[in-house]
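Asks: One structure is given below, represented as structure tokens, and several questions about it will come after.
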Amino acid sequence: MFYEDLSEYDYQDEDAFTDRESGFYVLWYRPAYTRLNIGWLEAGKPYSTGTVPRAFVEKLKAVQKIQWMNVCLGLHECDLCPEEAAPEGNGEVRIPGEPGIAYAAPFLITHYVTAHGYEPPQVFIDAVLAVDLDTWAATRWPDVPFPWVPDDAERMLE
């Protein structure tokens with residue numbers, strides 16, 4: 001599935017954070033912030049390549065261990081890899097940007113960066129590096145590791 005970097009995300013109207021500890025509890029809400037696409041790559045479509053800071057890759061991996069977002073039942077394979085070696089992903093990650101903006105990336109983004117030389121826009125790299133991992137890692141259900149979740153968000157057992 002291809003979306004141009006920094007285009008407006010419109011894949012789903014709602015966002016859903018899944019509790020990483022249980023895998024059963026989900027927080028659903030319709031975001032009031034604008035979501036911008038990052039790293040939705042597809043074979044045959046051009047994408048930026050280059051070197052990214054190692055600290056960015058490590059922080060992005062750490063965020064993905066903490067945050068499970070819009071987890072789907074189906075899996076998406078990297079179509080940039082040979083089929084027999086293609087890793088799979090089934091969710092997304094949200095990274096807060098400037099107030100009112102969140103970056104929406106597929107879970108395969110780290111693979112795209114490390115295996116295919118994808119270089120995300122600098123604003124995304126800076127936003128990932130600005131994430132406070134200690135605060136996010138300490139967050140426990142019913143809270144979620146994201147700063148702009150509305151107080152009236154619906155929390156449910158899936």
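Residues in the structure tokens are numbered from 1 in each chain, the chains being A, B, ... in the order shown, and ligands are numbered from 1 in the order shown.
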Within 12 Å of A:Val71, counting only C-alpha atoms, which residues show up once you throw out same-chain ones fewer than 5 positions away? Write them as a list in words, please.
Replies: Gln12, Asp15, Ala16, Phe17, Thr18, Asp19, Arg20, Gly23, Phe24, Tyr25, Val26, Leu27, Trp28, Gln64, His76, Gly89, Asn90, Gly91, Glu92, Val93, Pro106, Phe107 and Glu158 of chain A
Asks: May I have the residues from that selection written out with N, CA, C and O atoms, as a PDB file, in the first residue's frame?
Replies:
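Wrote selection08.pdb, looks like this:
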```pdb
ATOM      1  N   GLN A  12      -7.939   4.876   7.798  1.00  0.00           N
ATOM      2  CA  GLN A  12      -8.988   4.589   8.772  1.00  0.00           C
ATOM      3  C   GLN A  12      -9.416   5.898   9.424  1.00  0.00           C
ATOM      4  O   GLN A  12      -8.592   6.760   9.693  1.00  0.00           O
ATOM      5  N   ASP A  15      -8.524   5.725  15.281  1.00  0.00           N
ATOM      6  CA  ASP A  15      -7.263   5.124  15.680  1.00  0.00           C
ATOM      7  C   ASP A  15      -7.545   4.169  16.831  1.00  0.00           C
ATOM      8  O   ASP A  15      -8.442   4.413  17.647  1.00  0.00           O
ATOM      9  N   ALA A  16      -6.783   3.090  16.913  1.00  0.00           N
ATOM     10  CA  ALA A  16      -6.962   2.099  17.965  1.00  0.00           C
ATOM     11  C   ALA A  16      -5.600   1.677  18.507  1.00  0.00           C
ATOM     12  O   ALA A  16      -4.783   1.126  17.775  1.00  0.00           O
ATOM     13  N   PHE A  17      -5.372   1.970  19.793  1.00  0.00           N
ATOM     14  CA  PHE A  17      -4.156   1.529  20.468  1.00  0.00           C
ATOM     15  C   PHE A  17      -4.473   0.226  21.182  1.00  0.00           C
ATOM     16  O   PHE A  17      -5.444   0.145  21.926  1.00  0.00           O
ATOM     17  N   THR A  18      -3.659  -0.791  20.972  1.00  0.00           N
ATOM     18  CA  THR A  18      -3.840  -2.077  21.649  1.00  0.00           C
ATOM     19  C   THR A  18      -2.877  -2.154  22.823  1.00  0.00           C
ATOM     20  O   THR A  18      -1.697  -1.824  22.692  1.00  0.00           O
ATOM     21  N   ASP A  19      -3.389  -2.598  23.961  1.00  0.00           N
ATOM     22  CA  ASP A  19      -2.559  -2.783  25.142  1.00  0.00           C
ATOM     23  C   ASP A  19      -1.503  -3.840  24.851  1.00  0.00           C
ATOM     24  O   ASP A  19      -1.823  -4.978  24.542  1.00  0.00           O
ATOM     25  N   ARG A  20      -0.255  -3.474  24.939  1.00  0.00           N
ATOM     26  CA  ARG A  20       0.831  -4.385  24.590  1.00  0.00           C
ATOM     27  C   ARG A  20       1.006  -5.503  25.603  1.00  0.00           C
ATOM     28  O   ARG A  20       1.524  -6.558  25.277  1.00  0.00           O
ATOM     29  N   GLY A  23      -2.761  -7.582  25.023  1.00  0.00           N
ATOM     30  CA  GLY A  23      -3.159  -7.819  23.642  1.00  0.00           C
ATOM     31  C   GLY A  23      -4.662  -7.833  23.446  1.00  0.00           C
ATOM     32  O   GLY A  23      -5.148  -8.001  22.332  1.00  0.00           O
ATOM     33  N   PHE A  24      -5.438  -7.644  24.519  1.00  0.00           N
ATOM     34  CA  PHE A  24      -6.895  -7.711  24.439  1.00  0.00           C
ATOM     35  C   PHE A  24      -7.576  -6.362  24.555  1.00  0.00           C
ATOM     36  O   PHE A  24      -8.619  -6.149  23.973  1.00  0.00           O
ATOM     37  N   TYR A  25      -7.028  -5.478  25.335  1.00  0.00           N
ATOM     38  CA  TYR A  25      -7.676  -4.196  25.558  1.00  0.00           C
ATOM     39  C   TYR A  25      -7.314  -3.224  24.446  1.00  0.00           C
ATOM     40  O   TYR A  25      -6.159  -3.134  24.050  1.00  0.00           O
ATOM     41  N   VAL A  26      -8.329  -2.514  23.971  1.00  0.00           N
ATOM     42  CA  VAL A  26      -8.119  -1.578  22.867  1.00  0.00           C
ATOM     43  C   VAL A  26      -8.754  -0.242  23.217  1.00  0.00           C
ATOM     44  O   VAL A  26      -9.845  -0.184  23.776  1.00  0.00           O
ATOM     45  N   LEU A  27      -8.075   0.834  22.897  1.00  0.00           N
ATOM     46  CA  LEU A  27      -8.614   2.177  23.064  1.00  0.00           C
ATOM     47  C   LEU A  27      -8.913   2.714  21.672  1.00  0.00           C
ATOM     48  O   LEU A  27      -8.007   2.822  20.844  1.00  0.00           O
ATOM     49  N   TRP A  28     -10.185   2.998  21.398  1.00  0.00           N
ATOM     50  CA  TRP A  28     -10.627   3.513  20.103  1.00  0.00           C
ATOM     51  C   TRP A  28     -10.998   4.980  20.239  1.00  0.00           C
ATOM     52  O   TRP A  28     -11.615   5.373  21.227  1.00  0.00           O
ATOM     53  N   GLN A  64       8.345   0.991  18.728  1.00  0.00           N
ATOM     54  CA  GLN A  64       7.519  -0.099  18.221  1.00  0.00           C
ATOM     55  C   GLN A  64       7.341  -1.221  19.236  1.00  0.00           C
ATOM     56  O   GLN A  64       6.371  -1.966  19.161  1.00  0.00           O
ATOM     57  N   HIS A  76       0.734  -7.842   6.128  1.00  0.00           N
ATOM     58  CA  HIS A  76       1.225  -7.236   4.899  1.00  0.00           C
ATOM     59  C   HIS A  76       2.691  -7.629   4.747  1.00  0.00           C
ATOM     60  O   HIS A  76       3.485  -7.432   5.662  1.00  0.00           O
ATOM     61  N   GLY A  89       4.181  -7.358   8.453  1.00  0.00           N
ATOM     62  CA  GLY A  89       3.745  -6.419   9.476  1.00  0.00           C
ATOM     63  C   GLY A  89       2.233  -6.381   9.502  1.00  0.00           C
ATOM     64  O   GLY A  89       1.590  -6.701   8.501  1.00  0.00           O
ATOM     65  N   ASN A  90       1.668  -5.984  10.633  1.00  0.00           N
ATOM     66  CA  ASN A  90       0.206  -5.936  10.711  1.00  0.00           C
ATOM     67  C   ASN A  90      -0.299  -4.769  11.541  1.00  0.00           C
ATOM     68  O   ASN A  90      -1.391  -4.822  12.091  1.00  0.00           O
ATOM     69  N   GLY A  91       0.462  -3.730  11.632  1.00  0.00           N
ATOM     70  CA  GLY A  91       0.018  -2.593  12.416  1.00  0.00           C
ATOM     71  C   GLY A  91       0.715  -1.317  11.993  1.00  0.00           C
ATOM     72  O   GLY A  91       1.396  -1.271  10.966  1.00  0.00           O
ATOM     73  N   GLU A  92       0.524  -0.320  12.818  1.00  0.00           N
ATOM     74  CA  GLU A  92       1.059   1.008  12.537  1.00  0.00           C
ATOM     75  C   GLU A  92       1.715   1.566  13.788  1.00  0.00           C
ATOM     76  O   GLU A  92       1.597   1.006  14.877  1.00  0.00           O
ATOM     77  N   VAL A  93       2.359   2.690  13.626  1.00  0.00           N
ATOM     78  CA  VAL A  93       2.942   3.431  14.731  1.00  0.00           C
ATOM     79  C   VAL A  93       2.549   4.894  14.563  1.00  0.00           C
ATOM     80  O   VAL A  93       2.380   5.372  13.429  1.00  0.00           O
ATOM     81  N   PRO A 106       3.656   2.560   8.827  1.00  0.00           N
ATOM     82  CA  PRO A 106       3.408   1.123   8.977  1.00  0.00           C
ATOM     83  C   PRO A 106       4.475   0.504   9.879  1.00  0.00           C
ATOM     84  O   PRO A 106       5.585   1.032  10.005  1.00  0.00           O
ATOM     85  N   PHE A 107       4.140  -0.621  10.497  1.00  0.00           N
ATOM     86  CA  PHE A 107       5.103  -1.293  11.360  1.00  0.00           C
ATOM     87  C   PHE A 107       6.356  -1.723  10.605  1.00  0.00           C
ATOM     88  O   PHE A 107       7.411  -1.872  11.193  1.00  0.00           O
ATOM     89  N   GLU A 158     -11.572  -6.298  23.585  1.00  0.00           N
ATOM     90  CA  GLU A 158     -11.878  -6.805  22.260  1.00  0.00           C
ATOM     91  C   GLU A 158     -12.196  -8.274  22.286  1.00  0.00           C
ATOM     92  O   GLU A 158     -11.712  -9.031  23.082  1.00  0.00           O
TER      93      GLU A 158
END
```
Asks: Identify, with DSSP run on backbone atoms, the residues in stretch 1-97 of chain A assigned to strand (DSSP E), and express the list as a list in words.
Replies: Asp15, Ala16, Phe17, Thr18, Tyr25, Val26, Leu27, Trp28, Tyr29, Thr34, Arg35, Leu36, Asn37, Trp68, Met69, His76, Glu77, Glu88, Gly89, Glu92, Val93, Arg94, Ile95 and Pro96 of chain A
Asks: When you count only C-alpha atoms, which of these residues is closest to A:Leu6: A:Leu108, A:Ile101, A:Ile66, A:Leu133?
Replies: A:Ile101
Asks: Have a look at A:Val52, A:Met1, A:Ala32, A:Ala130 and name the one nearest to A:Gly97; count only C-alpha atoms.
Replies: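 The shortest atom-to-atom distance to A:Gly97 comes from A:Ala130.
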Asks: Skip A:Asp126 itself and residues of its chain fewer than 5 positions away, then list as number ranges by chain all residues within 12 Å of it, counting only C-alpha atoms.
Replies: A: 52-53, 55-57, 59-60, 95-98, 103, 120-121, 131
Asks: Mind writing the picked residues with all heavy atoms as an mmCIF file, in the first residue's frame?
Replies:
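Result file follows (out-v4.cif):
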```cif
data_model
loop_
_atom_site.group_PDB
_atom_site.id
_atom_site.type_symbol
_atom_site.label_atom_id
_atom_site.label_comp_id
_atom_site.auth_asym_id
_atom_site.auth_seq_id
_atom_site.Cartn_x
_atom_site.Cartn_y
_atom_site.Cartn_z
ATOM 1 N N VAL A 52 20.468 7.379 7.688
ATOM 2 C CA VAL A 52 19.779 7.975 8.835
ATOM 3 C C VAL A 52 20.622 7.734 10.078
ATOM 4 O O VAL A 52 21.412 6.782 10.125
ATOM 5 C CB VAL A 52 18.362 7.389 9.020
ATOM 6 C CG1 VAL A 52 17.492 7.686 7.811
ATOM 7 C CG2 VAL A 52 18.403 5.907 9.297
ATOM 8 N N PRO A 53 20.467 8.555 11.102
ATOM 9 C CA PRO A 53 21.249 8.356 12.329
ATOM 10 C C PRO A 53 20.893 7.022 12.999
ATOM 11 O O PRO A 53 19.722 6.638 13.044
ATOM 12 C CB PRO A 53 20.827 9.530 13.216
ATOM 13 C CG PRO A 53 20.204 10.537 12.305
ATOM 14 C CD PRO A 53 19.644 9.774 11.158
ATOM 15 N N ALA A 55 20.861 6.441 16.091
ATOM 16 C CA ALA A 55 19.990 6.738 17.237
ATOM 17 C C ALA A 55 18.519 6.762 16.820
ATOM 18 O O ALA A 55 17.644 6.348 17.585
ATOM 19 C CB ALA A 55 20.388 8.057 17.877
ATOM 20 N N PHE A 56 18.247 7.234 15.601
ATOM 21 C CA PHE A 56 16.877 7.251 15.083
ATOM 22 C C PHE A 56 16.346 5.828 14.937
ATOM 23 O O PHE A 56 15.237 5.517 15.368
ATOM 24 C CB PHE A 56 16.829 7.978 13.734
ATOM 25 C CG PHE A 56 15.603 7.680 12.921
ATOM 26 C CD1 PHE A 56 14.373 8.217 13.263
ATOM 27 C CD2 PHE A 56 15.677 6.838 11.814
ATOM 28 C CE1 PHE A 56 13.231 7.925 12.513
ATOM 29 C CE2 PHE A 56 14.557 6.545 11.057
ATOM 30 C CZ PHE A 56 13.324 7.092 11.412
ATOM 31 N N VAL A 57 17.130 4.942 14.337
ATOM 32 C CA VAL A 57 16.697 3.558 14.130
ATOM 33 C C VAL A 57 16.451 2.876 15.475
ATOM 34 O O VAL A 57 15.420 2.210 15.663
ATOM 35 C CB VAL A 57 17.737 2.767 13.303
ATOM 36 C CG1 VAL A 57 17.353 1.296 13.209
ATOM 37 C CG2 VAL A 57 17.886 3.378 11.914
ATOM 38 N N LYS A 59 15.731 4.253 18.379
ATOM 39 C CA LYS A 59 14.564 4.847 19.045
ATOM 40 C C LYS A 59 13.285 4.377 18.380
ATOM 41 O O LYS A 59 12.301 4.056 19.055
ATOM 42 C CB LYS A 59 14.673 6.374 19.029
ATOM 43 C CG LYS A 59 13.534 7.139 19.652
ATOM 44 C CD LYS A 59 13.570 7.372 21.138
ATOM 45 C CE LYS A 59 14.438 8.325 21.787
ATOM 46 N NZ LYS A 59 14.066 9.659 22.041
ATOM 47 N N LEU A 60 13.262 4.289 17.051
ATOM 48 C CA LEU A 60 12.077 3.812 16.337
ATOM 49 C C LEU A 60 11.763 2.369 16.725
ATOM 50 O O LEU A 60 10.608 2.022 16.978
ATOM 51 C CB LEU A 60 12.284 3.942 14.828
ATOM 52 C CG LEU A 60 11.097 3.614 13.933
ATOM 53 C CD1 LEU A 60 9.873 4.454 14.277
ATOM 54 C CD2 LEU A 60 11.480 3.798 12.468
ATOM 55 N N ILE A 95 3.670 8.794 15.779
ATOM 56 C CA ILE A 95 4.717 9.624 16.372
ATOM 57 C C ILE A 95 4.193 11.056 16.416
ATOM 58 O O ILE A 95 3.796 11.600 15.380
ATOM 59 C CB ILE A 95 6.016 9.574 15.525
ATOM 60 C CG1 ILE A 95 6.542 8.141 15.395
ATOM 61 C CG2 ILE A 95 7.064 10.505 16.103
ATOM 62 C CD1 ILE A 95 7.020 7.514 16.683
ATOM 63 N N PRO A 96 4.151 11.670 17.608
ATOM 64 C CA PRO A 96 3.686 13.058 17.679
ATOM 65 C C PRO A 96 4.678 13.999 17.009
ATOM 66 O O PRO A 96 5.885 13.865 17.175
ATOM 67 C CB PRO A 96 3.573 13.331 19.175
ATOM 68 C CG PRO A 96 4.444 12.327 19.825
ATOM 69 C CD PRO A 96 4.524 11.141 18.919
ATOM 70 N N GLY A 97 4.142 14.919 16.228
ATOM 71 C CA GLY A 97 4.953 15.962 15.617
ATOM 72 C C GLY A 97 4.662 17.264 16.330
ATOM 73 O O GLY A 97 4.436 17.281 17.544
ATOM 74 N N GLU A 98 4.624 18.343 15.574
ATOM 75 C CA GLU A 98 4.253 19.617 16.180
ATOM 76 C C GLU A 98 2.798 19.510 16.649
ATOM 77 O O GLU A 98 2.077 18.608 16.208
ATOM 78 C CB GLU A 98 4.440 20.756 15.180
ATOM 79 C CG GLU A 98 3.571 20.632 13.948
ATOM 80 C CD GLU A 98 3.889 21.685 12.911
ATOM 81 O OE1 GLU A 98 5.033 21.740 12.438
ATOM 82 O OE2 GLU A 98 2.962 22.440 12.559
ATOM 83 N N TYR A 103 2.456 11.598 12.959
ATOM 84 C CA TYR A 103 2.934 10.858 11.800
ATOM 85 C C TYR A 103 2.450 9.420 11.899
ATOM 86 O O TYR A 103 2.546 8.785 12.951
ATOM 87 C CB TYR A 103 4.461 10.924 11.716
ATOM 88 C CG TYR A 103 4.937 12.354 11.580
ATOM 89 C CD1 TYR A 103 5.524 13.025 12.642
ATOM 90 C CD2 TYR A 103 4.735 13.050 10.392
ATOM 91 C CE1 TYR A 103 5.922 14.343 12.525
ATOM 92 C CE2 TYR A 103 5.130 14.371 10.262
ATOM 93 C CZ TYR A 103 5.722 15.013 11.333
ATOM 94 O OH TYR A 103 6.097 16.320 11.208
ATOM 95 N N PRO A 120 13.287 8.552 5.729
ATOM 96 C CA PRO A 120 12.077 9.347 5.964
ATOM 97 C C PRO A 120 12.396 10.845 5.966
ATOM 98 O O PRO A 120 13.564 11.236 6.119
ATOM 99 C CB PRO A 120 11.624 8.913 7.366
ATOM 100 C CG PRO A 120 12.381 7.676 7.677
ATOM 101 C CD PRO A 120 13.644 7.735 6.877
ATOM 102 N N PRO A 121 11.366 11.676 5.826
ATOM 103 C CA PRO A 121 11.586 13.126 5.919
ATOM 104 C C PRO A 121 12.227 13.502 7.262
ATOM 105 O O PRO A 121 11.967 12.856 8.289
ATOM 106 C CB PRO A 121 10.178 13.709 5.806
ATOM 107 C CG PRO A 121 9.376 12.649 5.125
ATOM 108 C CD PRO A 121 9.963 11.348 5.564
ATOM 109 N N VAL A 131 10.766 11.651 21.057
ATOM 110 C CA VAL A 131 9.865 10.850 21.886
ATOM 111 C C VAL A 131 10.506 10.569 23.243
ATOM 112 O O VAL A 131 11.670 10.174 23.315
ATOM 113 C CB VAL A 131 9.495 9.521 21.184
ATOM 114 C CG1 VAL A 131 8.785 8.568 22.137
ATOM 115 C CG2 VAL A 131 8.637 9.776 19.962
#
```
Asks: So, with only C-alpha atoms as the atoms that count, which of A:Trp68, A:Ala105, A:Leu75, A:Phe124 lies closest to A:Tyr3?
Replies: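 Closest to A:Tyr3, using only C-alpha atoms: A:Ala105.
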Asks: Nearest to A:Pro46 among A:Gln67, A:Tyr33, A:Phe2, A:Glu77, with distances taken over only C-alpha atoms: which residue is it?
Replies: A:Phe2
Asks: Counting only C-alpha atoms, which residue out of A:Arg140, A:Arg54, A:Ala104, A:Lys45 sits closest to A:Tyr11?
Replies: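 Distance minimum relative to A:Tyr11 lands on A:Ala104.
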